[in-house]
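final-v8.txt (compact mmCIF, N, CA and C atoms)
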```txt
# COMPACT_ATOMS: atom_id res chain seq x y z
N THR Z 166 5.75 -6.59 -24.24
CA THR Z 166 5.49 -8.03 -24.19
C THR Z 166 4.15 -8.28 -23.51
N ARG Z 167 3.47 -9.30 -23.97
CA ARG Z 167 2.15 -9.65 -23.43
C ARG Z 167 2.15 -11.08 -22.94
N MET Z 168 1.48 -11.32 -21.84
CA MET Z 168 1.38 -12.67 -21.32
C MET Z 168 -0.06 -13.14 -21.30
N GLU Z 169 -0.93 -12.32 -20.82
CA GLU Z 169 -2.35 -12.64 -20.76
C GLU Z 169 -3.06 -11.62 -21.64
N SER Z 170 -4.29 -11.87 -21.97
CA SER Z 170 -5.02 -11.02 -22.90
C SER Z 170 -5.08 -9.58 -22.42
N GLY Z 171 -4.40 -8.70 -23.12
CA GLY Z 171 -4.48 -7.27 -22.88
C GLY Z 171 -3.84 -6.78 -21.61
N SER Z 172 -3.12 -7.61 -20.87
CA SER Z 172 -2.52 -7.15 -19.63
C SER Z 172 -1.08 -6.76 -19.87
N SER Z 173 -0.61 -5.75 -19.14
CA SER Z 173 0.77 -5.32 -19.32
C SER Z 173 1.58 -5.65 -18.08
N GLU Z 174 2.87 -5.77 -18.30
CA GLU Z 174 3.78 -6.14 -17.22
C GLU Z 174 3.84 -5.04 -16.16
N LEU Z 175 3.79 -5.43 -14.90
CA LEU Z 175 3.92 -4.49 -13.79
C LEU Z 175 5.40 -4.29 -13.48
N PRO Z 176 5.78 -3.09 -13.01
CA PRO Z 176 7.20 -2.84 -12.73
C PRO Z 176 7.69 -3.63 -11.52
N PRO Z 177 8.98 -4.00 -11.50
CA PRO Z 177 9.53 -4.70 -10.34
C PRO Z 177 9.47 -3.82 -9.10
N HIS Z 178 9.47 -4.46 -7.92
CA HIS Z 178 9.43 -3.72 -6.66
C HIS Z 178 10.68 -2.88 -6.46
N HIS Z 179 11.81 -3.43 -6.86
CA HIS Z 179 13.12 -2.79 -6.68
C HIS Z 179 14.08 -3.51 -7.62
N PRO Z 180 15.08 -2.84 -8.18
CA PRO Z 180 16.00 -3.50 -9.11
C PRO Z 180 16.68 -4.75 -8.53
N ASN Z 181 16.89 -4.77 -7.20
CA ASN Z 181 17.58 -5.90 -6.57
C ASN Z 181 16.65 -6.81 -5.79
N CYS Z 182 15.35 -6.68 -5.96
CA CYS Z 182 14.39 -7.54 -5.27
C CYS Z 182 14.69 -9.01 -5.57
N LEU Z 183 14.71 -9.85 -4.53
CA LEU Z 183 14.99 -11.27 -4.71
C LEU Z 183 13.95 -11.96 -5.58
N GLY Z 184 12.72 -11.50 -5.51
CA GLY Z 184 11.67 -12.13 -6.30
C GLY Z 184 11.62 -11.66 -7.74
N CYS Z 185 11.70 -10.34 -7.95
CA CYS Z 185 11.44 -9.80 -9.28
C CYS Z 185 12.50 -8.86 -9.82
N GLY Z 186 13.53 -8.58 -9.04
CA GLY Z 186 14.53 -7.60 -9.46
C GLY Z 186 15.35 -8.03 -10.66
N PRO Z 187 15.38 -7.22 -11.71
CA PRO Z 187 16.13 -7.57 -12.91
C PRO Z 187 17.65 -7.52 -12.71
N GLU Z 188 18.11 -6.87 -11.63
CA GLU Z 188 19.55 -6.73 -11.40
C GLU Z 188 20.08 -7.69 -10.34
N ASN Z 189 19.23 -8.58 -9.82
CA ASN Z 189 19.67 -9.52 -8.79
C ASN Z 189 20.02 -10.86 -9.45
N PRO Z 190 21.32 -11.18 -9.57
CA PRO Z 190 21.70 -12.42 -10.27
C PRO Z 190 21.23 -13.69 -9.56
N ASN Z 191 20.90 -13.59 -8.28
CA ASN Z 191 20.42 -14.75 -7.52
C ASN Z 191 18.91 -14.79 -7.42
N GLY Z 192 18.24 -13.84 -8.07
CA GLY Z 192 16.80 -13.73 -7.94
C GLY Z 192 16.02 -14.63 -8.89
N HIS Z 193 14.71 -14.45 -8.84
CA HIS Z 193 13.79 -15.26 -9.64
C HIS Z 193 13.34 -14.57 -10.92
N PHE Z 194 13.60 -13.26 -11.06
CA PHE Z 194 13.23 -12.49 -12.26
C PHE Z 194 11.74 -12.64 -12.57
N LEU Z 195 10.92 -12.64 -11.53
CA LEU Z 195 9.48 -12.82 -11.70
C LEU Z 195 8.90 -11.67 -12.53
N SER Z 196 8.15 -12.01 -13.55
CA SER Z 196 7.48 -11.04 -14.42
C SER Z 196 5.98 -11.21 -14.19
N VAL Z 197 5.34 -10.14 -13.72
CA VAL Z 197 3.94 -10.22 -13.26
C VAL Z 197 3.07 -9.25 -14.04
N ARG Z 198 1.85 -9.69 -14.32
CA ARG Z 198 0.87 -8.86 -15.03
C ARG Z 198 -0.44 -8.85 -14.27
N ARG Z 199 -1.20 -7.79 -14.51
CA ARG Z 199 -2.57 -7.73 -13.96
C ARG Z 199 -3.41 -8.80 -14.63
N ASP Z 200 -4.36 -9.35 -13.87
CA ASP Z 200 -5.27 -10.37 -14.38
C ASP Z 200 -6.61 -10.13 -13.71
N GLY Z 201 -7.47 -9.33 -14.35
CA GLY Z 201 -8.72 -8.95 -13.71
C GLY Z 201 -8.43 -8.15 -12.45
N ASP Z 202 -8.96 -8.60 -11.32
CA ASP Z 202 -8.69 -7.93 -10.04
C ASP Z 202 -7.41 -8.42 -9.39
N GLY Z 203 -6.79 -9.44 -9.97
CA GLY Z 203 -5.60 -10.03 -9.37
C GLY Z 203 -4.37 -9.86 -10.24
N VAL Z 204 -3.41 -10.75 -10.04
CA VAL Z 204 -2.17 -10.75 -10.83
C VAL Z 204 -1.85 -12.18 -11.25
N VAL Z 205 -1.05 -12.29 -12.32
CA VAL Z 205 -0.65 -13.60 -12.84
C VAL Z 205 0.82 -13.55 -13.26
N ALA Z 206 1.51 -14.68 -13.09
CA ALA Z 206 2.90 -14.79 -13.53
C ALA Z 206 3.15 -16.21 -14.02
N HIS Z 207 4.08 -16.33 -14.95
CA HIS Z 207 4.56 -17.64 -15.40
C HIS Z 207 5.98 -17.77 -14.85
N HIS Z 208 6.31 -18.92 -14.29
CA HIS Z 208 7.63 -19.06 -13.69
C HIS Z 208 8.15 -20.49 -13.80
N GLN Z 209 9.47 -20.61 -13.91
CA GLN Z 209 10.16 -21.89 -13.88
C GLN Z 209 11.28 -21.79 -12.86
N PHE Z 210 11.36 -22.75 -11.97
CA PHE Z 210 12.47 -22.83 -11.02
C PHE Z 210 13.63 -23.53 -11.73
N ASP Z 211 14.86 -23.10 -11.41
CA ASP Z 211 16.03 -23.70 -12.06
C ASP Z 211 17.02 -24.21 -11.01
N GLN Z 212 18.21 -24.58 -11.44
CA GLN Z 212 19.19 -25.20 -10.55
C GLN Z 212 19.59 -24.31 -9.37
N ARG Z 213 19.39 -23.00 -9.49
CA ARG Z 213 19.70 -22.10 -8.37
C ARG Z 213 18.71 -22.29 -7.23
N HIS Z 214 17.59 -22.94 -7.50
CA HIS Z 214 16.50 -23.05 -6.52
C HIS Z 214 16.31 -24.46 -5.99
N VAL Z 215 17.28 -25.36 -6.26
CA VAL Z 215 17.13 -26.78 -5.92
C VAL Z 215 17.05 -27.01 -4.41
N GLY Z 216 16.13 -27.89 -4.03
CA GLY Z 216 16.05 -28.39 -2.66
C GLY Z 216 16.54 -29.83 -2.73
N ALA Z 217 15.64 -30.75 -3.02
CA ALA Z 217 16.01 -32.13 -3.34
C ALA Z 217 16.29 -32.20 -4.85
N PRO Z 218 17.00 -33.21 -5.31
CA PRO Z 218 17.28 -33.31 -6.75
C PRO Z 218 16.01 -33.23 -7.60
N GLY Z 219 16.02 -32.27 -8.54
CA GLY Z 219 14.90 -32.10 -9.46
C GLY Z 219 13.72 -31.34 -8.91
N ILE Z 220 13.81 -30.93 -7.64
CA ILE Z 220 12.67 -30.28 -6.97
C ILE Z 220 13.11 -28.92 -6.42
N ALA Z 221 12.26 -27.92 -6.58
CA ALA Z 221 12.55 -26.59 -6.04
C ALA Z 221 12.46 -26.61 -4.52
N HIS Z 222 13.34 -25.88 -3.87
CA HIS Z 222 13.34 -25.73 -2.42
C HIS Z 222 12.04 -25.04 -2.00
N GLY Z 223 11.43 -25.51 -0.94
CA GLY Z 223 10.18 -24.91 -0.46
C GLY Z 223 10.31 -23.43 -0.16
N GLY Z 224 11.48 -23.01 0.32
CA GLY Z 224 11.70 -21.59 0.60
C GLY Z 224 11.76 -20.76 -0.67
N ALA Z 225 12.28 -21.35 -1.75
CA ALA Z 225 12.30 -20.65 -3.04
C ALA Z 225 10.87 -20.45 -3.54
N VAL Z 226 10.05 -21.47 -3.37
CA VAL Z 226 8.64 -21.36 -3.77
C VAL Z 226 7.95 -20.28 -2.93
N ALA Z 227 8.20 -20.28 -1.62
CA ALA Z 227 7.59 -19.28 -0.74
C ALA Z 227 8.03 -17.87 -1.12
N THR Z 228 9.30 -17.71 -1.52
CA THR Z 228 9.80 -16.40 -1.95
C THR Z 228 9.01 -15.88 -3.14
N VAL Z 229 8.79 -16.75 -4.12
CA VAL Z 229 8.07 -16.35 -5.33
C VAL Z 229 6.62 -15.99 -5.00
N ILE Z 230 5.97 -16.79 -4.16
CA ILE Z 230 4.57 -16.51 -3.79
C ILE Z 230 4.48 -15.20 -3.01
N ASP Z 231 5.39 -14.99 -2.05
CA ASP Z 231 5.39 -13.76 -1.26
C ASP Z 231 5.58 -12.55 -2.17
N ASP Z 232 6.49 -12.67 -3.14
CA ASP Z 232 6.73 -11.57 -4.07
C ASP Z 232 5.50 -11.34 -4.95
N LEU Z 233 4.87 -12.41 -5.40
CA LEU Z 233 3.65 -12.28 -6.21
C LEU Z 233 2.59 -11.52 -5.43
N PHE Z 234 2.41 -11.85 -4.15
CA PHE Z 234 1.46 -11.12 -3.31
C PHE Z 234 1.79 -9.63 -3.29
N GLY Z 235 3.07 -9.30 -3.27
CA GLY Z 235 3.47 -7.89 -3.26
C GLY Z 235 2.99 -7.12 -4.48
N PHE Z 236 2.81 -7.81 -5.60
CA PHE Z 236 2.33 -7.14 -6.81
C PHE Z 236 0.86 -6.75 -6.71
N LEU Z 237 0.12 -7.36 -5.80
CA LEU Z 237 -1.28 -6.95 -5.60
C LEU Z 237 -1.37 -5.53 -5.05
N LEU Z 238 -0.29 -5.04 -4.45
CA LEU Z 238 -0.31 -3.70 -3.86
C LEU Z 238 -0.42 -2.61 -4.91
N TYR Z 239 -0.04 -2.91 -6.17
CA TYR Z 239 -0.25 -1.93 -7.24
C TYR Z 239 -1.74 -1.66 -7.41
N SER Z 240 -2.57 -2.68 -7.23
CA SER Z 240 -4.03 -2.50 -7.33
C SER Z 240 -4.61 -1.91 -6.06
N VAL Z 241 -4.08 -2.33 -4.91
CA VAL Z 241 -4.55 -1.81 -3.62
C VAL Z 241 -4.23 -0.32 -3.52
N GLY Z 242 -3.07 0.08 -4.06
CA GLY Z 242 -2.69 1.49 -4.06
C GLY Z 242 -2.06 1.96 -2.76
N GLU Z 243 -1.64 1.01 -1.92
CA GLU Z 243 -0.99 1.36 -0.65
C GLU Z 243 0.16 0.40 -0.41
N LEU Z 244 1.09 0.83 0.43
CA LEU Z 244 2.21 -0.03 0.82
C LEU Z 244 1.74 -1.01 1.89
N ALA Z 245 2.29 -2.21 1.89
CA ALA Z 245 1.96 -3.19 2.91
C ALA Z 245 3.12 -4.16 3.06
N VAL Z 246 3.16 -4.85 4.19
CA VAL Z 246 4.21 -5.83 4.47
C VAL Z 246 3.58 -7.16 4.87
N THR Z 247 4.35 -8.21 4.71
CA THR Z 247 3.88 -9.55 5.06
C THR Z 247 3.86 -9.72 6.57
N ARG Z 248 2.72 -10.07 7.12
CA ARG Z 248 2.60 -10.42 8.54
C ARG Z 248 2.62 -11.94 8.69
N ARG Z 249 1.89 -12.62 7.79
CA ARG Z 249 1.80 -14.09 7.84
C ARG Z 249 1.77 -14.61 6.41
N LEU Z 250 2.47 -15.71 6.19
CA LEU Z 250 2.50 -16.36 4.87
C LEU Z 250 2.37 -17.85 5.11
N GLU Z 251 1.35 -18.47 4.51
CA GLU Z 251 1.14 -19.91 4.66
C GLU Z 251 1.04 -20.55 3.29
N LEU Z 252 1.81 -21.62 3.09
CA LEU Z 252 1.76 -22.38 1.85
C LEU Z 252 1.38 -23.82 2.14
N GLU Z 253 0.58 -24.38 1.27
CA GLU Z 253 0.30 -25.80 1.32
C GLU Z 253 0.89 -26.41 0.05
N TYR Z 254 1.87 -27.28 0.25
CA TYR Z 254 2.58 -27.92 -0.84
C TYR Z 254 1.84 -29.21 -1.19
N LEU Z 255 1.01 -29.16 -2.23
CA LEU Z 255 0.17 -30.30 -2.62
C LEU Z 255 0.93 -31.31 -3.46
N ALA Z 256 1.98 -30.85 -4.14
CA ALA Z 256 2.85 -31.69 -4.96
C ALA Z 256 4.19 -30.98 -5.06
N PRO Z 257 5.26 -31.71 -5.37
CA PRO Z 257 6.57 -31.05 -5.51
C PRO Z 257 6.55 -30.02 -6.64
N ALA Z 258 7.23 -28.91 -6.42
CA ALA Z 258 7.45 -27.92 -7.48
C ALA Z 258 8.73 -28.35 -8.19
N LEU Z 259 8.59 -28.85 -9.40
CA LEU Z 259 9.71 -29.42 -10.14
C LEU Z 259 10.55 -28.34 -10.80
N LEU Z 260 11.84 -28.60 -10.91
CA LEU Z 260 12.73 -27.69 -11.62
C LEU Z 260 12.44 -27.76 -13.12
N ASP Z 261 12.74 -26.65 -13.81
CA ASP Z 261 12.63 -26.58 -15.27
C ASP Z 261 11.25 -26.97 -15.77
N THR Z 262 10.23 -26.63 -15.00
CA THR Z 262 8.84 -26.95 -15.32
C THR Z 262 8.04 -25.65 -15.28
N PRO Z 263 7.29 -25.33 -16.33
CA PRO Z 263 6.52 -24.08 -16.32
C PRO Z 263 5.32 -24.15 -15.37
N TYR Z 264 5.17 -23.09 -14.61
CA TYR Z 264 4.03 -22.95 -13.70
C TYR Z 264 3.33 -21.63 -13.94
N ILE Z 265 2.03 -21.61 -13.67
CA ILE Z 265 1.24 -20.38 -13.71
C ILE Z 265 0.85 -20.06 -12.27
N LEU Z 266 1.17 -18.85 -11.84
CA LEU Z 266 0.85 -18.41 -10.48
C LEU Z 266 -0.17 -17.28 -10.57
N ARG Z 267 -1.17 -17.35 -9.72
CA ARG Z 267 -2.19 -16.31 -9.65
C ARG Z 267 -2.38 -15.89 -8.21
N ALA Z 268 -2.68 -14.62 -8.01
CA ALA Z 268 -2.94 -14.11 -6.66
C ALA Z 268 -4.03 -13.07 -6.71
N ALA Z 269 -4.76 -12.95 -5.60
CA ALA Z 269 -5.84 -11.97 -5.50
C ALA Z 269 -6.03 -11.57 -4.05
N VAL Z 270 -6.66 -10.41 -3.88
CA VAL Z 270 -7.06 -9.95 -2.54
C VAL Z 270 -8.40 -10.59 -2.25
N ARG Z 271 -8.46 -11.39 -1.18
CA ARG Z 271 -9.71 -12.05 -0.80
C ARG Z 271 -10.61 -11.07 -0.05
N SER Z 272 -10.02 -10.29 0.87
CA SER Z 272 -10.80 -9.30 1.62
C SER Z 272 -9.87 -8.30 2.28
N ARG Z 273 -10.47 -7.23 2.76
CA ARG Z 273 -9.72 -6.22 3.50
C ARG Z 273 -10.50 -5.82 4.73
N ASP Z 274 -9.80 -5.68 5.85
CA ASP Z 274 -10.39 -5.23 7.11
C ASP Z 274 -9.44 -4.19 7.69
N GLY Z 275 -9.75 -2.91 7.46
CA GLY Z 275 -8.85 -1.85 7.91
C GLY Z 275 -7.51 -1.96 7.22
N ARG Z 276 -6.44 -2.13 8.03
CA ARG Z 276 -5.09 -2.26 7.48
C ARG Z 276 -4.76 -3.69 7.08
N LYS Z 277 -5.62 -4.64 7.38
CA LYS Z 277 -5.34 -6.06 7.12
C LYS Z 277 -5.85 -6.47 5.74
N LEU Z 278 -4.93 -7.02 4.94
CA LEU Z 278 -5.27 -7.55 3.62
C LEU Z 278 -5.17 -9.07 3.67
N ASP Z 279 -6.26 -9.75 3.34
CA ASP Z 279 -6.29 -11.21 3.29
C ASP Z 279 -6.09 -11.61 1.83
N LEU Z 280 -4.98 -12.29 1.54
CA LEU Z 280 -4.57 -12.60 0.17
C LEU Z 280 -4.58 -14.10 -0.08
N THR Z 281 -4.80 -14.49 -1.32
CA THR Z 281 -4.82 -15.90 -1.69
C THR Z 281 -4.09 -16.11 -3.01
N SER Z 282 -3.49 -17.29 -3.17
CA SER Z 282 -2.72 -17.58 -4.38
C SER Z 282 -2.75 -19.07 -4.69
N THR Z 283 -2.53 -19.37 -5.98
CA THR Z 283 -2.36 -20.76 -6.42
C THR Z 283 -1.19 -20.82 -7.40
N MET Z 284 -0.58 -22.00 -7.47
CA MET Z 284 0.44 -22.27 -8.48
C MET Z 284 0.03 -23.57 -9.16
N GLU Z 285 -0.14 -23.50 -10.49
CA GLU Z 285 -0.60 -24.66 -11.26
C GLU Z 285 0.43 -25.05 -12.30
N ASP Z 286 0.44 -26.35 -12.64
CA ASP Z 286 1.31 -26.80 -13.72
C ASP Z 286 0.60 -26.60 -15.06
N ALA Z 287 1.26 -26.95 -16.15
CA ALA Z 287 0.72 -26.72 -17.49
C ALA Z 287 -0.57 -27.49 -17.75
N GLU Z 288 -0.81 -28.56 -17.01
CA GLU Z 288 -2.05 -29.34 -17.16
C GLU Z 288 -3.17 -28.81 -16.28
N GLY Z 289 -2.91 -27.73 -15.55
CA GLY Z 289 -3.94 -27.14 -14.70
C GLY Z 289 -4.04 -27.74 -13.31
N ARG Z 290 -3.11 -28.61 -12.94
CA ARG Z 290 -3.11 -29.20 -11.60
C ARG Z 290 -2.53 -28.20 -10.61
N THR Z 291 -3.24 -27.97 -9.52
CA THR Z 291 -2.76 -27.08 -8.47
C THR Z 291 -1.69 -27.80 -7.66
N VAL Z 292 -0.49 -27.22 -7.61
CA VAL Z 292 0.59 -27.82 -6.82
C VAL Z 292 0.85 -27.07 -5.52
N ILE Z 293 0.47 -25.79 -5.49
CA ILE Z 293 0.64 -24.97 -4.28
C ILE Z 293 -0.61 -24.12 -4.10
N THR Z 294 -1.09 -24.03 -2.87
CA THR Z 294 -2.07 -23.01 -2.51
C THR Z 294 -1.44 -22.20 -1.39
N ALA Z 295 -1.76 -20.93 -1.34
CA ALA Z 295 -1.16 -20.06 -0.34
C ALA Z 295 -2.14 -18.99 0.11
N THR Z 296 -1.97 -18.57 1.35
CA THR Z 296 -2.70 -17.43 1.87
C THR Z 296 -1.70 -16.54 2.60
N ALA Z 297 -2.05 -15.28 2.72
CA ALA Z 297 -1.18 -14.36 3.44
C ALA Z 297 -2.01 -13.28 4.09
N LEU Z 298 -1.46 -12.74 5.15
CA LEU Z 298 -1.99 -11.54 5.78
C LEU Z 298 -0.93 -10.46 5.59
N PHE Z 299 -1.29 -9.42 4.87
CA PHE Z 299 -0.42 -8.26 4.69
C PHE Z 299 -1.02 -7.12 5.51
N ILE Z 300 -0.14 -6.28 6.07
CA ILE Z 300 -0.56 -5.13 6.86
C ILE Z 300 -0.15 -3.85 6.13
N VAL Z 301 -1.11 -2.97 5.88
CA VAL Z 301 -0.84 -1.69 5.23
C VAL Z 301 0.00 -0.83 6.17
N VAL Z 302 1.06 -0.25 5.63
CA VAL Z 302 1.97 0.59 6.41
C VAL Z 302 2.20 1.92 5.68
N GLU Z 303 2.74 2.87 6.41
CA GLU Z 303 3.15 4.15 5.82
C GLU Z 303 4.57 4.00 5.28
N VAL Z 304 4.97 4.89 4.39
CA VAL Z 304 6.32 4.85 3.81
C VAL Z 304 7.38 4.96 4.90
N GLU Z 305 7.06 5.60 6.01
CA GLU Z 305 8.01 5.75 7.13
C GLU Z 305 8.52 4.38 7.62
N HIS Z 306 7.70 3.36 7.51
CA HIS Z 306 8.10 2.01 7.91
C HIS Z 306 9.39 1.59 7.18
N PHE Z 307 9.47 1.89 5.89
CA PHE Z 307 10.62 1.50 5.09
C PHE Z 307 11.79 2.45 5.32
N LEU Z 308 11.51 3.74 5.50
CA LEU Z 308 12.57 4.71 5.75
C LEU Z 308 13.25 4.41 7.08
N GLN Z 309 12.48 4.06 8.10
CA GLN Z 309 13.02 3.72 9.41
C GLN Z 309 13.91 2.48 9.30
N SER Z 310 13.49 1.49 8.53
CA SER Z 310 14.28 0.28 8.34
C SER Z 310 15.62 0.60 7.68
N GLN Z 311 15.61 1.50 6.70
CA GLN Z 311 16.85 1.88 6.01
C GLN Z 311 17.79 2.60 6.97
N ARG Z 312 17.23 3.49 7.81
CA ARG Z 312 18.07 4.21 8.77
C ARG Z 312 18.70 3.23 9.76
N ASN Z 313 17.93 2.26 10.22
CA ASN Z 313 18.44 1.29 11.19
C ASN Z 313 19.52 0.40 10.58
N SER Z 314 19.40 0.07 9.30
CA SER Z 314 20.38 -0.82 8.68
C SER Z 314 21.71 -0.12 8.44
N ARG Z 315 21.70 1.20 8.41
CA ARG Z 315 22.94 1.96 8.19
C ARG Z 315 23.65 2.26 9.50
N ALA Z 316 22.95 2.12 10.61
CA ALA Z 316 23.52 2.48 11.91
C ALA Z 316 24.61 1.52 12.34
```
Once you've parsed the file, please lay out its structure as structure tokens.
Amino acid sequence: TRMESGSSELPPHHPNCLGCGPENPNGHFLSVRRDGDGVVAHHQFDQRHVGAPGIAHGGAVATVIDDLFGFLLYSVGELAVTRRLELEYLAPALLDTPYILRAAVRSRDGRKLDLTSTMEDAEGRTVITATALFIVVEVEHFLQSQRNSRA
């Protein structure tokens, strides 16, 4: 399947990932593709994501943006985790409305990745802008977390 010119779908982070996991019935099923140096996704929020009537919950929007940022790591080629995530809600994210989300790495300083994202409606109006600071980590970070959760 193709979404943007010549770009192919990137694999999900994990089968049960809340943002993109194909096996998570409560997830967003985010499908992401490379877009130049960044990534792009098309998404619609549904009744599972309601905050106020007809409007997606701000936390659901943040989940999708955070997950989208995670797809930039395929280009970075290293593992990283969210240190800071900031969203500016310029307009309500409406349910059952198609949105285009884009994300890119703005800069890197050592282990710190400065990321930026937008979410636009079909008319090209920006409804969300976001920035994040991701920190590059070793795989041991995740293995340690798994050991601690089993204890």
- For stretch 217-219 of chain Z: contacts at 6.5 Å, all atoms listed in the file, fewer than 3 positions along chain excluded, given as a PyMOL selection string: chain Z and resi 222+258-260
- Students should find that atom C of Z:Glu188 and atom CA of Z:His214 are spaced 16.2 Å
- List every residue of stretch 174-295 of chain Z that DSSP, applied to the backbone of this structure, assigns to strand (DSSP E or B), and report them as an NGL selection string. :Z and (174 or 197-200 or 203-208 or 210 or 215 or 220-221 or 245-254 or 259-260 or 264-274 or 277-286 or 291-295)
- Nearest to Z:Asp200, chosen from Z:Ile293, Z:Cys185, Z:Leu250, Z:Ala268, with only C-alpha atoms counted in the distances: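 Closest candidate: Z:Ala268.
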- Message: Set the distance at 6 Å and use only C-alpha atoms: which residues neighbour stretch 172-184 of chain Z once local chain neighbours fewer than 3 positions away are removed? I'd like the list as a list of chain:residue names.
- Response: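 Surrounding residues, per the criterion: Z:Glu169, Z:Pro187, Z:Glu188, Z:Asn189, Z:Gly192, Z:His193, Z:Leu195, Z:Val197, Z:Arg198, Z:Arg199, Z:Val229, Z:Asp232.
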